[in-house]
file protein-v7.tsv (TSV, N, CA and C atoms)
chain	number	residue	atom	x	y	z
A	234	MET	N	12.49	16.08	-48.56
A	234	MET	CA	11.54	17.03	-48.07
A	234	MET	C	10.24	16.92	-48.86
A	235	ASN	N	9.19	17.19	-48.14
A	235	ASN	CA	7.87	17.12	-48.76
A	235	ASN	C	7.51	18.52	-49.27
A	236	SER	N	7.42	18.69	-50.57
A	236	SER	CA	7.14	20.01	-51.15
A	236	SER	C	5.68	20.16	-51.53
A	237	HIS	N	4.85	19.19	-51.16
A	237	HIS	CA	3.43	19.27	-51.49
A	237	HIS	C	2.72	20.26	-50.57
A	238	PRO	N	1.81	21.06	-51.10
A	238	PRO	CA	1.10	22.05	-50.27
A	238	PRO	C	0.04	21.43	-49.37
A	239	TYR	N	-0.35	20.20	-49.61
A	239	TYR	CA	-1.40	19.57	-48.80
A	239	TYR	C	-0.75	18.63	-47.78
A	240	PRO	N	-1.41	18.44	-46.61
A	240	PRO	CA	-0.82	17.59	-45.57
A	240	PRO	C	-0.86	16.11	-45.96
A	241	SER	N	0.09	15.38	-45.43
A	241	SER	CA	0.15	13.95	-45.71
A	241	SER	C	-0.89	13.21	-44.88
A	242	GLY	N	-1.08	11.94	-45.18
A	242	GLY	CA	-2.04	11.12	-44.44
A	242	GLY	C	-1.66	10.97	-42.98
A	243	ALA	N	-0.37	10.88	-42.71
A	243	ALA	CA	0.08	10.75	-41.32
A	243	ALA	C	-0.19	12.03	-40.55
A	244	THR	N	0.01	13.17	-41.20
A	244	THR	CA	-0.26	14.45	-40.54
A	244	THR	C	-1.75	14.60	-40.26
A	245	GLN	N	-2.58	14.20	-41.19
A	245	GLN	CA	-4.03	14.27	-40.99
A	245	GLN	C	-4.46	13.34	-39.85
A	246	ALA	N	-3.89	12.17	-39.81
A	246	ALA	CA	-4.22	11.22	-38.74
A	246	ALA	C	-3.79	11.78	-37.38
A	247	LYS	N	-2.58	12.37	-37.36
A	247	LYS	CA	-2.09	12.96	-36.11
A	247	LYS	C	-3.01	14.11	-35.67
A	248	ASP	N	-3.40	14.97	-36.59
A	248	ASP	CA	-4.30	16.07	-36.26
A	248	ASP	C	-5.65	15.56	-35.76
A	249	ARG	N	-6.15	14.51	-36.38
A	249	ARG	CA	-7.43	13.93	-35.97
A	249	ARG	C	-7.32	13.36	-34.56
A	250	LEU	N	-6.23	12.66	-34.26
A	250	LEU	CA	-6.03	12.09	-32.94
A	250	LEU	C	-5.88	13.17	-31.87
A	251	TYR	N	-5.15	14.25	-32.20
A	251	TYR	CA	-5.03	15.36	-31.25
A	251	TYR	C	-6.38	16.03	-31.00
A	252	SER	N	-7.18	16.11	-32.03
A	252	SER	CA	-8.51	16.68	-31.88
A	252	SER	C	-9.38	15.80	-30.98
A	253	GLN	N	-9.30	14.50	-31.17
A	253	GLN	CA	-10.03	13.57	-30.30
A	253	GLN	C	-9.54	13.70	-28.85
A	254	LEU	N	-8.22	13.78	-28.69
A	254	LEU	CA	-7.65	13.91	-27.35
A	254	LEU	C	-8.14	15.19	-26.68
A	255	ALA	N	-8.16	16.29	-27.43
A	255	ALA	CA	-8.63	17.56	-26.88
A	255	ALA	C	-10.09	17.45	-26.44
A	256	GLY	N	-10.91	16.80	-27.23
A	256	GLY	CA	-12.31	16.61	-26.88
A	256	GLY	C	-12.48	15.76	-25.63
A	257	ARG	N	-11.69	14.72	-25.54
A	257	ARG	CA	-11.78	13.84	-24.36
A	257	ARG	C	-11.26	14.54	-23.10
A	258	LEU	N	-10.21	15.34	-23.24
A	258	LEU	CA	-9.70	16.09	-22.09
A	258	LEU	C	-10.72	17.13	-21.62
A	259	LYS	N	-11.40	17.76	-22.57
A	259	LYS	CA	-12.44	18.72	-22.22
A	259	LYS	C	-13.58	18.01	-21.48
A	260	ASN	N	-13.98	16.84	-21.97
A	260	ASN	CA	-15.03	16.07	-21.32
A	260	ASN	C	-14.59	15.63	-19.92
A	261	MET	N	-13.35	15.18	-19.81
A	261	MET	CA	-12.84	14.74	-18.51
A	261	MET	C	-12.79	15.91	-17.53
A	262	SER	N	-12.42	17.09	-17.99
A	262	SER	CA	-12.40	18.27	-17.14
A	262	SER	C	-13.80	18.58	-16.62
A	263	HIS	N	-14.78	18.45	-17.47
A	263	HIS	CA	-16.18	18.68	-17.07
A	263	HIS	C	-16.61	17.65	-16.03
A	264	VAL	N	-16.27	16.40	-16.25
A	264	VAL	CA	-16.64	15.33	-15.32
A	264	VAL	C	-15.94	15.51	-13.97
A	265	VAL	N	-14.69	15.92	-13.97
A	265	VAL	CA	-13.96	16.16	-12.72
A	265	VAL	C	-14.63	17.31	-11.95
A	266	GLY	N	-15.07	18.33	-12.66
A	266	GLY	CA	-15.79	19.43	-12.01
A	266	GLY	C	-17.08	18.95	-11.37
A	267	GLN	N	-17.83	18.09	-12.08
A	267	GLN	CA	-19.05	17.53	-11.52
A	267	GLN	C	-18.75	16.68	-10.28
A	268	THR	N	-17.67	15.91	-10.34
A	268	THR	CA	-17.28	15.07	-9.21
A	268	THR	C	-16.93	15.93	-8.00
A	269	ALA	N	-16.24	17.03	-8.21
A	269	ALA	CA	-15.91	17.94	-7.11
A	269	ALA	C	-17.19	18.50	-6.49
A	270	ASP	N	-18.16	18.87	-7.32
A	270	ASP	CA	-19.43	19.37	-6.81
A	270	ASP	C	-20.15	18.30	-6.00
A	271	LEU	N	-20.11	17.06	-6.47
A	271	LEU	CA	-20.76	15.97	-5.75
A	271	LEU	C	-20.08	15.69	-4.42
A	272	PHE	N	-18.75	15.79	-4.38
A	272	PHE	CA	-18.03	15.60	-3.11
A	272	PHE	C	-18.38	16.71	-2.12
A	273	GLU	N	-18.55	17.92	-2.62
A	273	GLU	CA	-18.94	19.02	-1.74
A	273	GLU	C	-20.34	18.77	-1.16
A	274	GLN	N	-21.25	18.31	-2.01
A	274	GLN	CA	-22.60	17.98	-1.53
A	274	GLN	C	-22.56	16.82	-0.54
A	275	LEU	N	-21.71	15.84	-0.80
A	275	LEU	CA	-21.55	14.72	0.12
A	275	LEU	C	-21.06	15.20	1.48
A	276	GLN	N	-20.11	16.11	1.49
A	276	GLN	CA	-19.60	16.65	2.75
A	276	GLN	C	-20.71	17.36	3.52
A	277	ASN	N	-21.54	18.13	2.82
A	277	ASN	CA	-22.66	18.81	3.47
A	277	ASN	C	-23.65	17.79	4.03
A	278	ASP	N	-23.93	16.74	3.27
A	278	ASP	CA	-24.85	15.70	3.74
A	278	ASP	C	-24.31	14.97	4.96
A	279	LEU	N	-23.00	14.68	4.96
A	279	LEU	CA	-22.40	14.01	6.11
A	279	LEU	C	-22.44	14.88	7.35
A	280	ASP	N	-22.22	16.18	7.18
A	280	ASP	CA	-22.31	17.10	8.32
A	280	ASP	C	-23.73	17.12	8.87
A	281	ALA	N	-24.71	17.15	7.98
A	281	ALA	CA	-26.11	17.15	8.42
A	281	ALA	C	-26.46	15.84	9.13
A	282	MET	N	-25.93	14.73	8.63
A	282	MET	CA	-26.18	13.43	9.28
A	282	MET	C	-25.55	13.39	10.67
A	283	ARG	N	-24.39	13.99	10.82
A	283	ARG	CA	-23.72	14.03	12.13
A	283	ARG	C	-24.57	14.79	13.13
A	284	VAL	N	-25.10	15.94	12.70
A	284	VAL	CA	-25.96	16.74	13.58
A	284	VAL	C	-27.23	15.97	13.92
A	285	LEU	N	-27.81	15.34	12.91
A	285	LEU	CA	-29.04	14.58	13.13
A	285	LEU	C	-28.80	13.40	14.08
A	286	ALA	N	-27.67	12.72	13.91
A	286	ALA	CA	-27.36	11.58	14.78
A	286	ALA	C	-27.16	12.06	16.22
A	287	GLY	N	-26.53	13.20	16.41
A	287	GLY	CA	-26.36	13.74	17.75
A	287	GLY	C	-27.70	14.10	18.38
A	288	THR	N	-28.59	14.69	17.59
A	288	THR	CA	-29.92	15.04	18.09
A	288	THR	C	-30.70	13.79	18.47
A	289	HIS	N	-30.65	12.79	17.62
A	289	HIS	CA	-31.36	11.55	17.91
A	289	HIS	C	-30.78	10.83	19.13
A	290	ALA	N	-29.48	10.88	19.29
A	290	ALA	CA	-28.86	10.26	20.47
A	290	ALA	C	-29.32	10.97	21.74
A	291	ALA	N	-29.39	12.28	21.69
A	291	ALA	CA	-29.86	13.03	22.85
A	291	ALA	C	-31.32	12.71	23.16
A	292	GLN	N	-32.13	12.60	22.11
A	292	GLN	CA	-33.53	12.23	22.31
A	292	GLN	C	-33.64	10.83	22.90
A	293	PHE	N	-32.86	9.92	22.40
A	293	PHE	CA	-32.89	8.54	22.89
A	293	PHE	C	-32.49	8.48	24.36
A	294	MET	N	-31.44	9.19	24.72
A	294	MET	CA	-31.00	9.18	26.12
A	294	MET	C	-32.04	9.82	27.03
A	295	THR	N	-32.71	10.85	26.55
A	295	THR	CA	-33.76	11.50	27.36
A	295	THR	C	-34.92	10.54	27.59
A	296	VAL	N	-35.37	9.89	26.53
A	296	VAL	CA	-36.48	8.95	26.67
A	296	VAL	C	-36.07	7.77	27.54
A	297	ALA	N	-34.86	7.27	27.36
A	297	ALA	CA	-34.38	6.14	28.17
A	297	ALA	C	-34.32	6.51	29.64
A	298	SER	N	-33.89	7.72	29.94
A	298	SER	CA	-33.82	8.14	31.35
A	298	SER	C	-35.22	8.30	31.94
A	299	LYS	N	-36.20	8.67	31.14
A	299	LYS	CA	-37.57	8.79	31.63
A	299	LYS	C	-38.21	7.42	31.84
A	300	LEU	N	-37.90	6.48	30.96
A	300	LEU	CA	-38.50	5.15	31.05
A	300	LEU	C	-37.82	4.27	32.09
A	301	ASN	N	-36.52	4.44	32.29
A	301	ASN	CA	-35.75	3.62	33.22
A	301	ASN	C	-35.01	4.50	34.21
A	302	PRO	N	-35.70	5.13	35.14
A	302	PRO	CA	-34.99	5.98	36.10
A	302	PRO	C	-34.12	5.14	37.02
A	303	GLU	N	-32.92	5.63	37.32
A	303	GLU	CA	-32.01	4.91	38.21
A	303	GLU	C	-32.40	5.19	39.66
A	304	PRO	N	-32.37	4.18	40.51
A	304	PRO	CA	-32.59	4.43	41.95
A	304	PRO	C	-31.50	5.34	42.49
A	305	ALA	N	-31.78	6.07	43.55
A	305	ALA	CA	-30.85	7.09	44.08
A	305	ALA	C	-29.50	6.51	44.48
A	306	GLY	N	-29.45	5.27	44.99
A	306	GLY	CA	-28.19	4.70	45.46
A	306	GLY	C	-27.35	4.05	44.38
A	307	GLU	N	-27.84	3.92	43.17
A	307	GLU	CA	-27.12	3.20	42.12
A	307	GLU	C	-26.66	4.11	40.98
A	308	SER	N	-26.33	5.34	41.26
A	308	SER	CA	-25.93	6.26	40.21
A	308	SER	C	-24.56	5.92	39.64
A	309	ASP	N	-23.72	5.23	40.40
A	309	ASP	CA	-22.38	4.88	39.94
A	309	ASP	C	-22.19	3.38	40.10
A	310	SER	N	-23.07	2.59	39.49
A	310	SER	CA	-23.07	1.14	39.70
A	310	SER	C	-21.84	0.46	39.13
A	311	VAL	N	-21.29	0.96	38.03
A	311	VAL	CA	-20.12	0.31	37.43
A	311	VAL	C	-18.92	0.47	38.33
A	312	THR	N	-18.68	1.67	38.81
A	312	THR	CA	-17.53	1.92	39.67
A	312	THR	C	-17.68	1.16	40.99
A	313	GLY	N	-18.89	1.13	41.53
A	313	GLY	CA	-19.13	0.43	42.79
A	313	GLY	C	-18.88	-1.06	42.67
A	314	SER	N	-19.27	-1.66	41.56
A	314	SER	CA	-19.06	-3.10	41.42
A	314	SER	C	-17.60	-3.43	41.22
A	315	GLU	N	-16.84	-2.54	40.60
A	315	GLU	CA	-15.42	-2.80	40.42
A	315	GLU	C	-14.66	-2.64	41.71
A	316	SER	N	-15.09	-1.72	42.56
A	316	SER	CA	-14.35	-1.50	43.80
A	316	SER	C	-14.62	-2.61	44.82
A	317	GLU	N	-15.72	-3.38	44.66
A	317	GLU	CA	-16.02	-4.47	45.55
A	317	GLU	C	-15.17	-5.69	45.27
A	318	LYS	N	-14.55	-5.78	44.12
A	318	LYS	CA	-13.78	-6.97	43.73
A	318	LYS	C	-12.47	-7.05	44.43
call {"tool": "encode", "arguments": {"input": "protein-v7.tsv", "output": "C-alpha cells"}}
result
Amino acid sequence: MNSHPYPSGATQAKDRLYSQLAGRLKNMSHVVGQTADLFEQLQNDLDAMRVLAGTHAAQFMTVASKLNPEPAGESDSVTGSESEK
C-alpha cells in the first residue's frame, strides 16, 4: 500500500489525461451544437430555394407560353401523335 500523502506520478498523469479528455469533450459538445445550428440554417435555405425554384419555374412557363403560343388544334400534340401510330 502507498502510505504517502502525495499522489504518485501515474495518478498525476491519469488526472492530467482525464482533464484533457474533459476539455476535448466540452469542445466537441460545443462544435456539435454549432453543427446542429448550421444544419437548421441549411434546412431553411433549402426550403427557400425550393420556393424560389417553383416561382422561377412558373415565371418561365408563363413567359414561354407568351412567346410560343400553341395553335388551337395542337393542344394535345403528344397524345394525338401516339394515337396515329
call {"tool": "atom_distance", "arguments": {"input": "protein-v7.tsv", "atom1": "CA of Pro304 in chain A", "atom2": "CA of His289 in chain A"}}
result
25.1 Å
call {"tool": "atom_distance", "arguments": {"input": "protein-v7.tsv", "atom1": "CA of Arg283 in chain A", "atom2": "CA of Gly266 in chain A"}}
result
26.0 Å
call {"tool": "select_by_dssp", "arguments": {"input": "protein-v7.tsv", "residues": "range 257-317 of chain A", "states": "alpha helix (DSSP H)", "output": "VMD selection string"}}
result
chain A and resid 257 to 300 310 to 316
